[in-house]
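What follows is the content of coords_30.csv, which has CSV, C-alpha atoms and all ligand atoms:
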chain,number,residue,atom,x,y,z
A,112,MET,CA,113.0,94.6,113.7
A,113,TYR,CA,113.1,92.6,110.6
A,114,ARG,CA,116.1,91.1,109.0
A,115,SER,CA,117.8,93.7,106.7
A,116,PRO,CA,120.3,93.6,103.9
A,117,ASN,CA,122.0,96.5,105.8
A,118,ALA,CA,125.0,95.5,107.8
A,119,LEU,CA,124.6,98.0,110.7
A,120,PRO,CA,123.8,96.6,114.2
A,121,GLU,CA,120.1,96.3,115.0
A,122,ASP,CA,120.1,99.0,117.6
A,123,SER,CA,121.6,101.5,115.1
A,124,ARG,CA,119.0,100.4,112.5
A,125,ARG,CA,116.2,100.9,115.1
A,126,THR,CA,117.4,104.4,116.0
A,127,ILE,CA,117.8,105.5,112.4
A,128,SER,CA,114.4,104.1,111.5
A,129,ALA,CA,112.7,106.0,114.3
A,130,ALA,CA,114.4,109.2,113.0
A,131,LEU,CA,113.2,108.4,109.5
A,132,ASN,CA,109.6,107.8,110.7
A,133,ALA,CA,109.7,111.2,112.4
A,134,VAL,CA,110.8,112.8,109.1
A,135,LEU,CA,108.1,110.8,107.3
A,136,ALA,CA,105.4,112.2,109.6
A,137,ASP,CA,106.6,115.7,109.1
A,138,GLY,CA,106.9,115.2,105.3
A,139,LEU,CA,103.4,113.7,104.9
A,140,ASP,CA,102.0,116.6,107.0
A,141,LEU,CA,103.9,119.1,104.9
A,142,HIS,CA,102.6,117.5,101.7
A,143,GLY,CA,99.0,118.0,102.8
A,144,GLN,CA,99.7,121.6,103.8
A,145,LEU,CA,101.4,122.4,100.5
A,146,LYS,CA,98.3,121.1,98.7
A,147,VAL,CA,96.0,123.2,100.9
A,148,ALA,CA,98.1,126.3,100.0
A,149,HIS,CA,98.1,125.3,96.3
A,150,TRP,CA,94.3,125.0,96.3
A,151,ASN,CA,93.3,128.0,98.3
A,152,LEU,CA,95.8,130.8,97.5
A,153,LYS,CA,94.4,133.9,95.8
A,154,GLY,CA,96.0,137.1,94.7
A,155,PRO,CA,98.4,138.6,92.0
A,156,TYR,CA,101.0,135.8,92.5
A,157,PHE,CA,98.5,133.0,91.9
A,158,ALA,CA,99.8,132.1,88.4
A,159,GLU,CA,103.4,131.6,89.7
A,160,LEU,CA,102.6,130.1,93.1
A,161,HIS,CA,99.9,127.6,92.2
A,162,PRO,CA,102.2,125.5,90.0
A,163,LEU,CA,105.3,126.1,92.2
A,164,LEU,CA,103.6,124.7,95.2
A,165,GLU,CA,102.5,121.7,93.2
A,166,THR,CA,106.1,121.1,92.1
A,167,PHE,CA,107.1,121.1,95.8
A,168,ALA,CA,104.3,118.7,96.7
A,169,VAL,CA,105.1,116.2,93.8
A,170,SER,CA,108.8,116.2,94.8
A,171,LEU,CA,108.0,115.8,98.5
A,172,ALA,CA,105.7,112.8,97.8
A,173,ALA,CA,108.6,111.0,96.1
A,174,HIS,CA,110.9,111.8,99.0
A,175,ASN,CA,108.4,110.6,101.5
A,176,ASP,CA,108.2,107.3,99.7
A,177,SER,CA,112.0,107.0,99.7
A,178,VAL,CA,112.2,107.9,103.5
A,179,ALA,CA,109.5,105.3,104.3
A,180,GLU,CA,111.2,102.6,102.2
A,181,ARG,CA,114.6,103.3,103.8
A,182,ALA,CA,113.0,102.7,107.2
A,183,VAL,CA,111.6,99.4,106.0
A,184,THR,CA,114.8,98.4,104.3
A,185,LEU,CA,116.6,98.9,107.7
A,186,GLY,CA,114.2,96.4,109.2
A,187,ALA,CA,111.5,98.7,110.7
A,188,LYS,CA,107.9,99.6,109.8
A,189,ALA,CA,106.9,102.8,108.1
A,190,TYR,CA,104.0,104.7,109.8
A,191,GLY,CA,101.9,107.0,107.6
A,192,THR,CA,98.2,107.1,108.2
A,193,ALA,CA,96.5,110.5,108.5
A,194,ARG,CA,95.7,109.7,112.2
A,195,HIS,CA,99.3,108.7,113.0
A,196,VAL,CA,100.7,111.8,111.2
A,197,ALA,CA,98.2,114.1,113.1
A,198,GLY,CA,99.8,112.9,116.4
A,199,ALA,CA,103.4,112.5,115.3
A,200,SER,CA,104.1,115.6,113.0
A,201,ARG,CA,106.2,118.3,114.5
A,202,LEU,CA,104.7,120.9,112.2
A,203,PRO,CA,102.0,123.3,113.5
A,204,GLU,CA,98.5,122.9,112.0
A,205,TYR,CA,97.9,124.9,108.8
A,206,PRO,CA,95.4,127.8,109.1
A,207,GLN,CA,93.2,126.6,106.3
A,208,GLU,CA,91.1,129.8,106.1
A,209,THR,CA,94.1,131.7,104.7
A,210,THR,CA,93.6,133.0,101.2
A,211,ARG,CA,96.2,135.7,100.4
A,212,ASP,CA,99.0,134.5,98.3
A,213,LEU,CA,101.9,135.9,100.3
A,214,GLU,CA,100.4,134.8,103.6
A,215,HIS,CA,100.5,131.3,102.2
A,216,VAL,CA,104.1,131.8,101.1
A,217,LYS,CA,105.1,132.8,104.7
A,218,LEU,CA,103.2,129.9,106.3
A,219,VAL,CA,104.7,127.3,103.9
A,220,ALA,CA,108.3,128.8,104.3
A,221,ASP,CA,108.0,128.6,108.1
A,222,ARG,CA,106.9,125.0,107.9
A,223,MET,CA,109.7,124.1,105.5
A,224,ASP,CA,112.2,125.5,108.0
A,225,ILE,CA,110.7,123.1,110.7
A,226,PHE,CA,110.8,120.2,108.2
A,227,LEU,CA,114.5,121.0,107.6
A,228,VAL,CA,115.3,121.0,111.3
A,229,GLY,CA,113.9,117.5,111.5
A,230,LEU,CA,115.7,116.3,108.4
A,231,ARG,CA,119.1,117.6,109.8
A,232,ALA,CA,118.4,115.9,113.1
A,233,ALA,CA,117.7,112.6,111.4
A,234,ARG,CA,120.8,113.0,109.3
A,235,ALA,CA,122.9,113.6,112.4
A,236,ASP,CA,121.5,110.4,114.0
A,237,ALA,CA,122.4,108.5,110.9
A,238,ASP,CA,125.8,110.1,110.7
A,239,GLU,CA,126.5,109.2,114.4
A,240,ARG,CA,125.8,105.6,113.5
A,241,ASP,CA,127.9,105.5,110.4
A,242,ASP,CA,124.9,105.1,108.0
A,243,ILE,CA,126.3,107.2,105.2
A,244,ASP,CA,123.6,105.9,102.8
A,245,THR,CA,120.8,107.4,104.9
A,246,VAL,CA,122.9,110.5,105.3
A,247,ASP,CA,123.1,110.7,101.5
A,248,LEU,CA,119.4,110.2,101.1
A,249,LEU,CA,118.6,112.9,103.7
A,250,THR,CA,121.2,115.3,102.3
A,251,GLY,CA,119.5,115.2,98.9
A,252,ILE,CA,116.2,116.2,100.5
A,253,VAL,CA,117.9,118.9,102.7
A,254,THR,CA,119.6,120.6,99.7
A,255,GLU,CA,116.4,120.5,97.7
A,256,PHE,CA,114.2,121.9,100.4
A,257,GLU,CA,116.7,124.6,101.3
A,258,LYS,CA,116.4,125.7,97.7
A,259,HIS,CA,112.6,125.6,97.9
A,260,GLY,CA,112.8,127.7,101.0
A,261,TRP,CA,115.0,130.2,99.2
A,262,PHE,CA,112.3,130.5,96.4
A,263,LEU,CA,109.7,131.3,99.0
A,264,ARG,CA,111.8,133.7,101.0
A,265,ALA,CA,112.9,135.5,97.8
A,266,THR,CA,109.2,135.8,96.9
A,267,LEU,CA,108.7,137.5,100.3
A,268,GLY,CA,111.7,139.8,99.6
A,269,GLU,CA,113.6,138.4,102.6
B,1,FE,FE,96.4,120.9,91.5
Please re-express this file's structure in structure tokens.
Amino acid sequence: MYRSPNALPEDSRRTISAALNAVLADGLDLHGQLKVAHWNLKGPYFAELHPLLETFAVSLAAHNDSVAERAVTLGAKAYGTARHVAGASRLPEYPQETTRDLEHVKLVADRMDIFLVGLRAARADADERDDIDTVDLLTGIVTEFEKHGWFLRATLGE
């Protein structure tokens, strides 16, 4: 671990950074999957879903950067190559042959649920170690992605 401006003990910073790296792997994977859906979906909802998925991807890219930089701020490294993400992500692979618009919506919504489980777990790790700033960062992402999930589930009529 590197020296950090954060005052938490090193073992706390190590644990929280590991949780952040797990979220980062999921987030980078989800970003690629969102783009695959954005590119390939076809059907009557194309006009709404194509830009909506891009909005999600752009916002997620910014969050991924914040999560990575929080891990480094805490004194760790941030891991994010495609090969690392392929091994570390907790999301299932995306079925890239999918074309139907609503099938993509279901696939993306299911993966967002998994992303949220990881976010909440990382937030609980940070909360246990009194890192309210990481909790704050992750809560912002949780609330936003719960809202995105609602958009998708509403599109499915769920
Ligand atoms: Fe695009």
Counting all atoms listed in the file, which residues in chain A sit no more than 12 Å from ligand FE 1 (chain B)? For each one, give the nearest pair of atoms and the distance in Å, sorted by chain then residue number, as JSON lines.
{"residue": "A:Gly143", "atom": "CA", "partner": "B:FE1", "partner_atom": "FE", "distance": 12.0}
{"residue": "A:Leu145", "atom": "CA", "partner": "B:FE1", "partner_atom": "FE", "distance": 10.4}
{"residue": "A:Lys146", "atom": "CA", "partner": "B:FE1", "partner_atom": "FE", "distance": 7.4}
{"residue": "A:Val147", "atom": "CA", "partner": "B:FE1", "partner_atom": "FE", "distance": 9.7}
{"residue": "A:Ala148", "atom": "CA", "partner": "B:FE1", "partner_atom": "FE", "distance": 10.2}
{"residue": "A:His149", "atom": "CA", "partner": "B:FE1", "partner_atom": "FE", "distance": 6.7}
{"residue": "A:Trp150", "atom": "CA", "partner": "B:FE1", "partner_atom": "FE", "distance": 6.7}
{"residue": "A:Asn151", "atom": "CA", "partner": "B:FE1", "partner_atom": "FE", "distance": 10.3}
{"residue": "A:Leu152", "atom": "CA", "partner": "B:FE1", "partner_atom": "FE", "distance": 11.6}
{"residue": "A:Leu160", "atom": "CA", "partner": "B:FE1", "partner_atom": "FE", "distance": 11.2}
{"residue": "A:His161", "atom": "CA", "partner": "B:FE1", "partner_atom": "FE", "distance": 7.6}
{"residue": "A:Pro162", "atom": "CA", "partner": "B:FE1", "partner_atom": "FE", "distance": 7.6}
{"residue": "A:Leu163", "atom": "CA", "partner": "B:FE1", "partner_atom": "FE", "distance": 10.3}
{"residue": "A:Leu164", "atom": "CA", "partner": "B:FE1", "partner_atom": "FE", "distance": 8.9}
{"residue": "A:Glu165", "atom": "CA", "partner": "B:FE1", "partner_atom": "FE", "distance": 6.4}
{"residue": "A:Thr166", "atom": "CA", "partner": "B:FE1", "partner_atom": "FE", "distance": 9.7}
{"residue": "A:Phe167", "atom": "CA", "partner": "B:FE1", "partner_atom": "FE", "distance": 11.5}
{"residue": "A:Ala168", "atom": "CA", "partner": "B:FE1", "partner_atom": "FE", "distance": 9.7}
{"residue": "A:Val169", "atom": "CA", "partner": "B:FE1", "partner_atom": "FE", "distance": 10.2}
Please, which residues in range 122-171 of chain A fall within 9 Å of range 176-197 of chain A when counting all atoms listed in the file, and what is the closest atom pair and distance in Å to one decimal for each, ordered by chain then residue number, as JSON lines?
{"residue": "A:Arg124", "atom": "CA", "partner": "A:Leu185", "partner_atom": "CA", "distance": 5.6}
{"residue": "A:Arg125", "atom": "CA", "partner": "A:Ala187", "partner_atom": "CA", "distance": 6.8}
{"residue": "A:Ile127", "atom": "CA", "partner": "A:Ala182", "partner_atom": "CA", "distance": 7.6}
{"residue": "A:Ser128", "atom": "CA", "partner": "A:Ala182", "partner_atom": "CA", "distance": 4.7}
{"residue": "A:Ala129", "atom": "CA", "partner": "A:Ala182", "partner_atom": "CA", "distance": 7.8}
{"residue": "A:Ala130", "atom": "CA", "partner": "A:Ala182", "partner_atom": "CA", "distance": 8.8}
{"residue": "A:Leu131", "atom": "CA", "partner": "A:Val178", "partner_atom": "CA", "distance": 6.1}
{"residue": "A:Asn132", "atom": "CA", "partner": "A:Ala189", "partner_atom": "CA", "distance": 6.2}
{"residue": "A:Val134", "atom": "CA", "partner": "A:Val178", "partner_atom": "CA", "distance": 7.6}
{"residue": "A:Leu135", "atom": "CA", "partner": "A:Val178", "partner_atom": "CA", "distance": 6.3}
{"residue": "A:Ala136", "atom": "CA", "partner": "A:Val196", "partner_atom": "CA", "distance": 5.0}
{"residue": "A:Asp137", "atom": "CA", "partner": "A:Val196", "partner_atom": "CA", "distance": 7.4}
{"residue": "A:Leu139", "atom": "CA", "partner": "A:Val196", "partner_atom": "CA", "distance": 7.1}
{"residue": "A:Asp140", "atom": "CA", "partner": "A:Val196", "partner_atom": "CA", "distance": 6.5}
{"residue": "A:Leu171", "atom": "CA", "partner": "A:Asp176", "partner_atom": "CA", "distance": 8.6}
Checklist entry - Of the residues A:Ala173, A:Leu141, A:Ala237, A:Val253, which is the one nearest to Arg222 in chain A, using only C-alpha atoms? => result A:Leu141
Checklist outcome for this item: re CA of Arg264 in chain A and CA of Asp238 in chain A: distance 29.1 Å
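Each of A:Gly260, A:Gly251, A:Gly154, A:Gly229 was compared to Leu202 in chain A using all atoms listed in the file, and A:Gly229 turns out to be the nearest.
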Next on the checklist: Using all atoms listed in the file, list the residues that have an atom at most 12 Å from (119.7, 119.6, 110.6), coordinates as in the file, as a list in words.
Outcome noted: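 Nearby residues: Ala130, Val134, Asp224, Ile225, Phe226, Leu227, Val228, Gly229, Leu230, Arg231, Ala232, Ala233, Arg234, Ala235, Asp236, Ala237, Asp238, Val246, Leu249, Thr250, Ile252, Val253, Thr254, Phe256 and Glu257 of chain A.
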Checklist entry - Rounded to one decimal in Å, what is the spacing between CA of Phe157 in chain A and CA of Pro206 in chain A? => result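 If I compute the distance from CA of Phe157 in chain A to CA of Pro206 in chain A, I get 18.2 Å.
Between Asp212 in chain A and the candidates A:Glu239, A:Lys153, A:Lys258, A:Gly138, the tightest atom-to-atom separation, counting all atoms listed in the file, involves A:Lys153.
Relative to CA of Val216 in chain A, CA of Leu267 in chain A is found at 7.4 Å.
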Checklist entry - With only C-alpha atoms as the atoms that count, which of A:Arg240, A:Pro155, A:Asn175, A:Ser200 lies nearest to Glu121 in chain A? => result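 When distances to Glu121 in chain A are compared using only C-alpha atoms, the smallest one comes from A:Arg240.
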